[in-house]
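Reviewing the structure listed below.
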Amino acid sequence: MISAIILAAGESKRMGQAKQLLGIGGKALLQQALDAVLDSDVDEVILVLGHEAEGIRSAMDVRRARVVVNPDYARGMSTSIQEGLKALDKRSAAFFIVLGDQPEIRPAVYNRLIREFRRGRPSAGILLPAYQGKKGHPALFSIKYLAESFKITGDVGFREIVQKHPEEVLLVDVDTAAILADLDTPEDYREYLQKKSEGK
């Protein structure tokens, strides 16, 4: 069983508004990210909300995703990851950490990482997508890192675990630069919309 934890609890301080609800191609940014996971081969989807959770939840079509609310979201991304991990199905063999602000990642990226994980390489417990040699998101982690995941703090996400286990990281080549791009600022958003309007 493969799970996914979608992180969407932050305050979007650099964006200046709740970026989860920004319009992207007729859908909210977070809805784009959520739909890609739900349409993939992921078995369980956990959506972690925090800041403005009620308003964001009511605007989403969550389908079969389970929503959890992180009351401590202001203490950093690690707290949202841990809230999501608490909700994992006990049968889960691995979990994705998904950023809720990457609108262009398609189900095929998740499916490719799942296929590689299921090939069962003993030394590959962390799978990262890579485009032209550059690592991106989403990352897929074996459940063996679960206990360690509850020791991380602050806003570093899972970088700490990746850095501690370099020999267990498998880079999986994908054919899209979407794994490298997220939307953090108004400039990011304007540039993204401009590229979309130009068909790039």
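Identifiers for the structure tokens are assigned positionally: chains receive A, B, ... in sequence, residues are indexed from 1 per chain, and ligands are indexed from 1 in the order shown.
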Requested in this report: Find the residues around stretch 134-140 of chain A up to 9 Å (only C-alpha atoms counted), leave out those fewer than 3 positions away in its own chain, and share them as a list in words.
Outcome: Ala4, Ala94, Phe95, Phe96, Ile97, Val98, Leu99, Gln102, Ile105, Val109, Tyr110, Leu113, Ile114, Phe117, Gly125, Ile126, Leu127, Leu128, Pro129, Ala130, Tyr131, Phe158, Leu171, Val172, Ala177, Ala178, Ile179, Leu180 and Ala181 of chain A
Report task. Enumerate, as a PyMOL selection string, the complete set of residues in stretch 78-192 of chain A that a backbone-based DSSP assignment places in alpha helix (DSSP H). Result -> chain A and resi 78-86+107-118+146-149+159-164+186-192
Report task. Might you pull out every residue within 7 Å of stretch 46-53 of chain A, with only C-alpha atoms counted and same-chain residues fewer than 3 positions away left off, and present them as number ranges by chain? Result -> A: 4-11, 56-57, 65-71, 73, 80, 84
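Residues lying within 6 Å of stretch 1-3 of chain A, counting only C-alpha atoms and ignoring same-chain neighbours fewer than 3 positions away, are Val42, Asp43, Glu44, Val45, Ser92, Ala93, Ala94 and Phe95 of chain A.
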Written file, previous selection with C-alpha atoms, as a tab-separated table (two decimals), in the first residue's frame:
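again-v1.tsv, freshly written:
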```tsv
chain	number	residue	atom	x	y	z
A	42	VAL	CA	-1.58	6.03	-4.78
A	43	ASP	CA	-3.78	3.99	-2.43
A	44	GLU	CA	-4.30	6.50	0.38
A	45	VAL	CA	-4.31	10.31	0.23
A	92	SER	CA	1.28	1.46	4.25
A	93	ALA	CA	4.67	0.36	2.89
A	94	ALA	CA	5.73	3.84	1.73
A	95	PHE	CA	4.53	7.42	1.67
```
Requested in this report: May I have the residues within 12 Å of A:Ser197 as a VMD selection string, using only C-alpha atoms and disregarding those fewer than 5 positions away in the same chain?
Outcome: chain A and resid 24 to 25 190 to 192
Query - Members of stretch 33-167 of chain A assigned strand (DSSP E or B) by DSSP, as a PyMOL selection string - result: chain A and resi 44-50+52+66-69+94-99+126-131+134-135+139-142
**Report entry** Non-local contacts of stretch 18-22 of chain A (10 Å; only C-alpha atoms; under 4 positions in same chain excluded) as a list of chain:residue names
**Finding:** A:Ala8, A:Ala9, A:Gly10, A:Glu11, A:Ser12, A:Lys13, A:Arg14, A:Gly26, A:Lys27, A:Ala28, A:Leu29, A:Leu30, A:Gln31, A:Gln32, A:Ala33, A:Leu49, A:His51, A:Glu52, A:Gly55, A:Ile56, A:Ala59, A:Met60, A:Gly100, A:Asp101, A:Leu183, A:Asp184, A:Thr185, A:Pro186, A:Tyr189
Selected residues, C-alpha atoms, written as a PDB file, in the first residue's frame, please.
```pdb
ATOM      1  CA  ALA A   8      -1.109  22.560   2.423  1.00  0.00           C
ATOM      2  CA  ALA A   9      -1.136  23.992   5.946  1.00  0.00           C
ATOM      3  CA  GLY A  10       1.104  27.024   5.553  1.00  0.00           C
ATOM      4  CA  GLU A  11       0.314  30.707   5.808  1.00  0.00           C
ATOM      5  CA  SER A  12       1.593  31.597   2.302  1.00  0.00           C
ATOM      6  CA  LYS A  13       3.412  34.606   3.770  1.00  0.00           C
ATOM      7  CA  ARG A  14       5.529  35.218   0.673  1.00  0.00           C
ATOM      8  CA  GLY A  26     -10.059  27.182 -13.825  1.00  0.00           C
ATOM      9  CA  LYS A  27      -9.119  25.271 -10.666  1.00  0.00           C
ATOM     10  CA  ALA A  28      -7.551  26.184  -7.358  1.00  0.00           C
ATOM     11  CA  LEU A  29      -3.815  25.540  -7.128  1.00  0.00           C
ATOM     12  CA  LEU A  30      -4.282  23.000  -4.351  1.00  0.00           C
ATOM     13  CA  GLN A  31      -7.064  21.252  -6.294  1.00  0.00           C
ATOM     14  CA  GLN A  32      -4.674  20.766  -9.204  1.00  0.00           C
ATOM     15  CA  ALA A  33      -2.111  19.114  -6.950  1.00  0.00           C
ATOM     16  CA  LEU A  49      -4.468  21.741   6.241  1.00  0.00           C
ATOM     17  CA  HIS A  51      -3.981  28.116   8.169  1.00  0.00           C
ATOM     18  CA  GLU A  52      -7.531  29.008   7.014  1.00  0.00           C
ATOM     19  CA  GLY A  55     -12.265  27.925   4.078  1.00  0.00           C
ATOM     20  CA  ILE A  56      -9.757  25.905   2.068  1.00  0.00           C
ATOM     21  CA  ALA A  59     -13.421  25.004  -1.550  1.00  0.00           C
ATOM     22  CA  MET A  60     -11.878  21.585  -2.328  1.00  0.00           C
ATOM     23  CA  GLY A 100       0.492  21.466  -2.446  1.00  0.00           C
ATOM     24  CA  ASP A 101       1.856  24.273  -4.636  1.00  0.00           C
ATOM     25  CA  LEU A 183       4.716  28.810  -6.566  1.00  0.00           C
ATOM     26  CA  ASP A 184       5.844  30.813  -3.538  1.00  0.00           C
ATOM     27  CA  THR A 185       5.574  34.492  -4.516  1.00  0.00           C
ATOM     28  CA  PRO A 186       3.287  36.747  -6.581  1.00  0.00           C
ATOM     29  CA  TYR A 189       2.388  33.099  -9.932  1.00  0.00           C
TER      30      TYR A 189
END
```
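Atom CA of A:Arg63 lies 14.8 Å from atom CA of A:Asp41.
The residue that comes closest to A:Gly16, out of A:Leu193, A:Glu187, A:Arg121, A:Val174 and on the basis of only C-alpha atoms, is A:Glu187.
If you measure from each of A:Glu148, A:Glu83, A:Glu116, A:Asp188 to A:Leu170 using only C-alpha atoms, the closest one turns out to be A:Glu116.
What separates atom CA of A:Ile161 from atom CA of A:Asp89 is a distance of 21.3 Å.
Across the structure, atom CA of A:Ser142 and atom CA of A:Ser40 are spaced 18.2 Å apart.
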Env of A:Lys151: 12 Å cut, atoms = only C-alpha atoms, seq-sep filter 2 positions within chain, self excluded. Answer as a PDB file with N, CA and C atoms, in the first residue's frame.
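selection_13.pdb, written as the output of this step:
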```pdb
ATOM      1  N   SER A  78       7.588  20.525   9.373  1.00  0.00           N
ATOM      2  CA  SER A  78       7.749  19.217  10.030  1.00  0.00           C
ATOM      3  C   SER A  78       6.503  18.839  10.819  1.00  0.00           C
ATOM      4  N   THR A  79       5.837  19.810  11.421  1.00  0.00           N
ATOM      5  CA  THR A  79       4.639  19.500  12.205  1.00  0.00           C
ATOM      6  C   THR A  79       3.508  19.007  11.304  1.00  0.00           C
ATOM      7  N   ILE A  81       3.963  17.422   8.361  1.00  0.00           N
ATOM      8  CA  ILE A  81       4.353  16.068   7.957  1.00  0.00           C
ATOM      9  C   ILE A  81       3.972  15.071   9.053  1.00  0.00           C
ATOM     10  N   GLN A  82       4.264  15.417  10.288  1.00  0.00           N
ATOM     11  CA  GLN A  82       3.994  14.499  11.396  1.00  0.00           C
ATOM     12  C   GLN A  82       2.499  14.290  11.621  1.00  0.00           C
ATOM     13  N   TYR A 145      11.358   4.745   7.602  1.00  0.00           N
ATOM     14  CA  TYR A 145      11.778   6.052   8.127  1.00  0.00           C
ATOM     15  C   TYR A 145      10.710   6.694   9.032  1.00  0.00           C
ATOM     16  N   LEU A 146       9.669   5.947   9.333  1.00  0.00           N
ATOM     17  CA  LEU A 146       8.554   6.535  10.089  1.00  0.00           C
ATOM     18  C   LEU A 146       8.995   7.052  11.453  1.00  0.00           C
ATOM     19  N   ALA A 147       9.649   6.223  12.233  1.00  0.00           N
ATOM     20  CA  ALA A 147      10.054   6.656  13.585  1.00  0.00           C
ATOM     21  C   ALA A 147      10.986   7.855  13.521  1.00  0.00           C
ATOM     22  N   GLU A 148      11.917   7.827  12.578  1.00  0.00           N
ATOM     23  CA  GLU A 148      12.861   8.914  12.413  1.00  0.00           C
ATOM     24  C   GLU A 148      12.153  10.217  12.029  1.00  0.00           C
ATOM     25  N   SER A 149      11.043  10.088  11.331  1.00  0.00           N
ATOM     26  CA  SER A 149      10.302  11.255  10.850  1.00  0.00           C
ATOM     27  C   SER A 149       9.728  12.094  11.985  1.00  0.00           C
ATOM     28  N   THR A 153      12.372  18.637  13.171  1.00  0.00           N
ATOM     29  CA  THR A 153      11.713  19.817  13.734  1.00  0.00           C
ATOM     30  C   THR A 153      11.806  20.981  12.756  1.00  0.00           C
ATOM     31  N   GLY A 154      10.978  21.987  12.998  1.00  0.00           N
ATOM     32  CA  GLY A 154      11.058  23.229  12.241  1.00  0.00           C
ATOM     33  C   GLY A 154      10.526  23.123  10.827  1.00  0.00           C
ATOM     34  N   VAL A 156      12.262  22.376   7.912  1.00  0.00           N
ATOM     35  CA  VAL A 156      13.196  21.772   6.962  1.00  0.00           C
ATOM     36  C   VAL A 156      12.578  20.657   6.137  1.00  0.00           C
ATOM     37  N   GLY A 157      11.372  20.230   6.491  1.00  0.00           N
ATOM     38  CA  GLY A 157      10.789  19.128   5.749  1.00  0.00           C
ATOM     39  C   GLY A 157      11.619  17.865   5.941  1.00  0.00           C
ATOM     40  N   PHE A 158      11.763  17.098   4.859  1.00  0.00           N
ATOM     41  CA  PHE A 158      12.460  15.821   4.958  1.00  0.00           C
ATOM     42  C   PHE A 158      13.902  15.896   4.473  1.00  0.00           C
ATOM     43  N   GLU A 160      16.449  16.646   6.004  1.00  0.00           N
ATOM     44  CA  GLU A 160      17.328  16.089   7.033  1.00  0.00           C
ATOM     45  C   GLU A 160      17.474  14.577   6.871  1.00  0.00           C
ATOM     46  N   ILE A 161      16.378  13.893   6.609  1.00  0.00           N
ATOM     47  CA  ILE A 161      16.420  12.444   6.448  1.00  0.00           C
ATOM     48  C   ILE A 161      17.143  12.063   5.158  1.00  0.00           C
TER      49      ILE A 161
END
```
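In terms of minimum interatomic distance to A:His165, A:Ala124 ranks closest within A:Arg112, A:Gln132, A:Ala124, A:Gly199, counting only C-alpha atoms.
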